[in-house]
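K.L.:
Below is the structure I would like to discuss, written out as C-alpha cells.
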Amino acid sequence: MNGETSRSMLFTMKSCKCIVLSLLFLLPCNILCNAPTVVTTKLTTPICDNKTKSSALICGVKNSLCSGMAAGCAKTLLAPFDTIKTIQQQATNGGNSLGMREAAAIITARPKGFLELYAGLGVAVVGSMPSVGLYFGVYSYSKEKLLPYLQNVIKPTNESSEANVRTLSIAMSAAIGNTVASFSRVPYEVVKQKLQTGEYSSTFGALSDMFRTGGMRAFFPMGGISIQMIRDIPYAIVTLMTYECIREHWVNKQEKAVWRDMVCGAVAGGVGSYATNPMDVIKTRLQVDPALYEGSVWACTTATYTEGGGAAFLRGSVPRLIHKIPANGAFFVFYELFRRLLRVEDSSSRKDIGDDKIK
C-alpha cells in the first residue's frame, strides 16, 4: 500500500473519530446514560407537549449519530462497485455501454492498480457520514413531529386509515430530510466522482486544483444541486417506505435477528436504487462534466437519450444494485445495532410497547 493511500486511510479514520466525538458532544450526559422513558399506555389522540418535543429532538440527534457511523461502515465495504458504476455511467463510448469487466479493466490499468477501485473512498466516507447523519436526523425528527400532527388533523378511524397516515408521514419526512441533506452531498459527490474517473490521483490534489481553478463554485457545479435532489428525494421516499413497510409487517412481528434487518435493508435499497437509476445516470454525467451540458438537467437528459435511447438510463444499474443491495443491507444492520446500543425509540416502537403492556 503506497504512502498516498495510507495517508488517505489515516485521514479518514481521524475524521470519522472527530465526527463521532462531535455528535456525542451534542448529547447531554443524562441522555447517554439513561434510557428514554417508555410509554406504557396506548394514546388514542397524540399529545404534543414539551416532553414530546424534547424526545423528538433527542431521537433525531441519536439517529443522526447511528446513521453516520453506519454509513461509514457500509461505504468502506463496497466502494469498488461504486467506482465501476461511475465509470460505466460517465463513459460515452460511441453510444455503446461498458461492461463491468471492461470498466474494471480501465480502472485497474491506472498507476495504482487494484487500489484504484477504492479511489475517492476517503472523501466518500468523510463526506457521507455527516450528510447521512443529517438526513436521518432530520428524517427521524420530522417523522416524530409529523405523525402525531397528521393523526390529529386527519383523525384516522381504523387500522387501514392509520396505516395510510403513517405512510404519508414517512414519505413527507423522507422528502424533508433529503431536501436538507442534498446540499451537503454535492461537494463530496463531485470530488469522489472526479477521483473515480481518474481526473485526479489524490484527494488533496483534487481539492486544491478545483478550488484554485473554480473556487467554491467548482464544488457546486451548474445543475449539480438540482439533479442531486431529483435523484435523492425519490430514492429516499421509495427506499424508506419499503424499509418501514417490511419492518412493520415482517421484522417487528418476528423475534429480533440480524439477518432480518439485513434482508429488510437490502430489499429496500434494491427497490429504491433500480427505480432511480435514470436520475443517477444524469447526476453522474452532470456532476463530472457540467460544461458539456451547460449545467442543464434537460440538456443532459436529451443528450443521453439521443446517444443510447432508453437503455442509456439503465447504464451502471447492475454494479449499482450489486453495490446498493448489500450496502443497504449492511447499513441498516449497523444502523439498527447502533440504535439498540444508544436505546433509540421512535413513535412506532413506543406504540408497540404500549400495546404489549395493555395485552
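Numbering starts fresh at 1 for the residues of each chain in the C-alpha cells, the chains themselves are lettered A, B, ... in the order given, and ligands are numbered from 1 as they appear.
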Name the residues in contact with Ser140 (chain A) at a cut-off of 7 Å, using only C-alpha atoms, excluding same-chain residues fewer than 4 positions from it; report them as a PDB file with N, CA, C and O atoms, in the first residue's frame.

P.N.:
ATOM      1  N   CYS A  59     -34.263  11.949  19.825  1.00  0.00           N
ATOM      2  CA  CYS A  59     -34.339  10.830  18.884  1.00  0.00           C
ATOM      3  C   CYS A  59     -33.653  11.194  17.572  1.00  0.00           C
ATOM      4  O   CYS A  59     -32.933  10.391  16.986  1.00  0.00           O
ATOM      5  N   GLY A  60     -33.875  12.445  17.111  1.00  0.00           N
ATOM      6  CA  GLY A  60     -33.253  12.893  15.878  1.00  0.00           C
ATOM      7  C   GLY A  60     -31.737  12.926  15.969  1.00  0.00           C
ATOM      8  O   GLY A  60     -31.035  12.491  15.055  1.00  0.00           O
ATOM      9  N   ASN A  63     -30.412   9.296  16.135  1.00  0.00           N
ATOM     10  CA  ASN A  63     -30.499   8.666  14.822  1.00  0.00           C
ATOM     11  C   ASN A  63     -29.436   9.214  13.879  1.00  0.00           C
ATOM     12  O   ASN A  63     -28.910   8.494  13.022  1.00  0.00           O
ATOM     13  N   PHE A 136     -30.791  11.370   8.233  1.00  0.00           N
ATOM     14  CA  PHE A 136     -31.567  10.519   9.126  1.00  0.00           C
ATOM     15  C   PHE A 136     -31.996  11.266  10.387  1.00  0.00           C
ATOM     16  O   PHE A 136     -33.046  10.977  10.957  1.00  0.00           O
ATOM     17  N   GLU A 144     -41.255  12.041  13.863  1.00  0.00           N
ATOM     18  CA  GLU A 144     -41.781  12.145  15.225  1.00  0.00           C
ATOM     19  C   GLU A 144     -42.764  13.301  15.370  1.00  0.00           C
ATOM     20  O   GLU A 144     -43.714  13.226  16.149  1.00  0.00           O
TER      21      GLU A 144
END

K.L.:
Excluding Met172 (chain A) and residues on its chain fewer than 2 positions from it, collect all residues at most 9 Å away from it, counting only C-alpha atoms, and give them as a VMD selection string.

P.N.:
chain A and resid 139 142 to 143 146 167 to 170 174 to 177 237

K.L.:
Which residues, written as a VMD selection string, have at least one atom at most 9 Å from Leu337 (chain A), with only C-alpha atoms counted and residues fewer than 3 positions away on the same chain left out?

P.N.:
chain A and resid 66 70 258 332 to 334 340 to 342

K.L.:
With C-alpha atoms retained, write the just-selected residues as a PDB file, in the first residue's frame.

P.N.:
ATOM      1  CA  CYS A  66     -26.295   5.966  14.398  1.00  0.00           C
ATOM      2  CA  ALA A  70     -23.447   3.000   9.770  1.00  0.00           C
ATOM      3  CA  VAL A 258     -29.647  -9.507  12.473  1.00  0.00           C
ATOM      4  CA  PHE A 332     -29.364  -0.956   8.185  1.00  0.00           C
ATOM      5  CA  VAL A 333     -27.758  -3.774  10.196  1.00  0.00           C
ATOM      6  CA  PHE A 334     -25.211  -1.307  11.598  1.00  0.00           C
ATOM      7  CA  ARG A 340     -30.072  -0.541  20.133  1.00  0.00           C
ATOM      8  CA  LEU A 341     -26.758   0.432  21.721  1.00  0.00           C
ATOM      9  CA  LEU A 342     -27.981   4.007  22.178  1.00  0.00           C
TER      10      LEU A 342
END

K.L.:
Could you jot down the CA of Val281 (chain A) to CA of Val191 (chain A) separation for me, Å, one decimal place?

P.N.:
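CA of Val191 (chain A) lies at a distance of 16.6 Å from CA of Val281 (chain A).
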
K.L.:
Write down as a PyMOL selection string the residues belonging to region 143-266 of chain A that are assigned helix (DSSP H, G or I) by DSSP computed on the backbone.

P.N.:
chain A and resi 143-154+159-196+203-219+224-249+251-253+258-266

K.L.:
I'd like a table as JSON lines: residues in region 271-319 of chain A with an atom no more than 12 Å from region 211-219 of chain A, each row giving the shortest atom pair and its distance in Å to one decimal, only C-alpha atoms counted, sorted by chain and rising residue number.

P.N.:
{"residue": "A:Gln287", "atom": "CA", "partner": "A:Phe219", "partner_atom": "CA", "distance": 9.1}
{"residue": "A:Val288", "atom": "CA", "partner": "A:Phe219", "partner_atom": "CA", "distance": 10.7}
{"residue": "A:Asp289", "atom": "CA", "partner": "A:Ala218", "partner_atom": "CA", "distance": 11.0}
{"residue": "A:Pro290", "atom": "CA", "partner": "A:Ala218", "partner_atom": "CA", "distance": 10.0}
{"residue": "A:Ala291", "atom": "CA", "partner": "A:Ala218", "partner_atom": "CA", "distance": 11.3}

K.L.:
Create the file for the chosen residues now, containing N, CA and C atoms and written as an mmCIF file, in the first residue's frame.

P.N.:
data_model
loop_
_atom_site.group_PDB
_atom_site.id
_atom_site.type_symbol
_atom_site.label_atom_id
_atom_site.label_comp_id
_atom_site.auth_asym_id
_atom_site.auth_seq_id
_atom_site.Cartn_x
_atom_site.Cartn_y
_atom_site.Cartn_z
ATOM 1 N N GLN A 287 -22.473 16.072 -12.981
ATOM 2 C CA GLN A 287 -21.512 16.484 -11.964
ATOM 3 C C GLN A 287 -20.068 16.255 -12.400
ATOM 4 N N VAL A 288 -19.833 15.262 -13.268
ATOM 5 C CA VAL A 288 -18.479 15.007 -13.750
ATOM 6 C C VAL A 288 -18.081 16.024 -14.821
ATOM 7 N N ASP A 289 -19.004 16.355 -15.751
ATOM 8 C CA ASP A 289 -18.687 17.282 -16.845
ATOM 9 C C ASP A 289 -19.848 18.245 -17.075
ATOM 10 N N PRO A 290 -20.071 19.198 -16.159
ATOM 11 C CA PRO A 290 -21.209 20.110 -16.296
ATOM 12 C C PRO A 290 -21.123 21.014 -17.516
ATOM 13 N N ALA A 291 -19.890 21.363 -17.943
ATOM 14 C CA ALA A 291 -19.732 22.259 -19.090
ATOM 15 C C ALA A 291 -20.256 21.636 -20.380
#

K.L.:
Taking only C-alpha atoms into account, name the residue in A:Ala275, A:Gln89, A:Val190, A:Arg101 that is nearest to Gly127 (chain A).

P.N.:
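So, comparing all the options, the nearest one is A:Val190.
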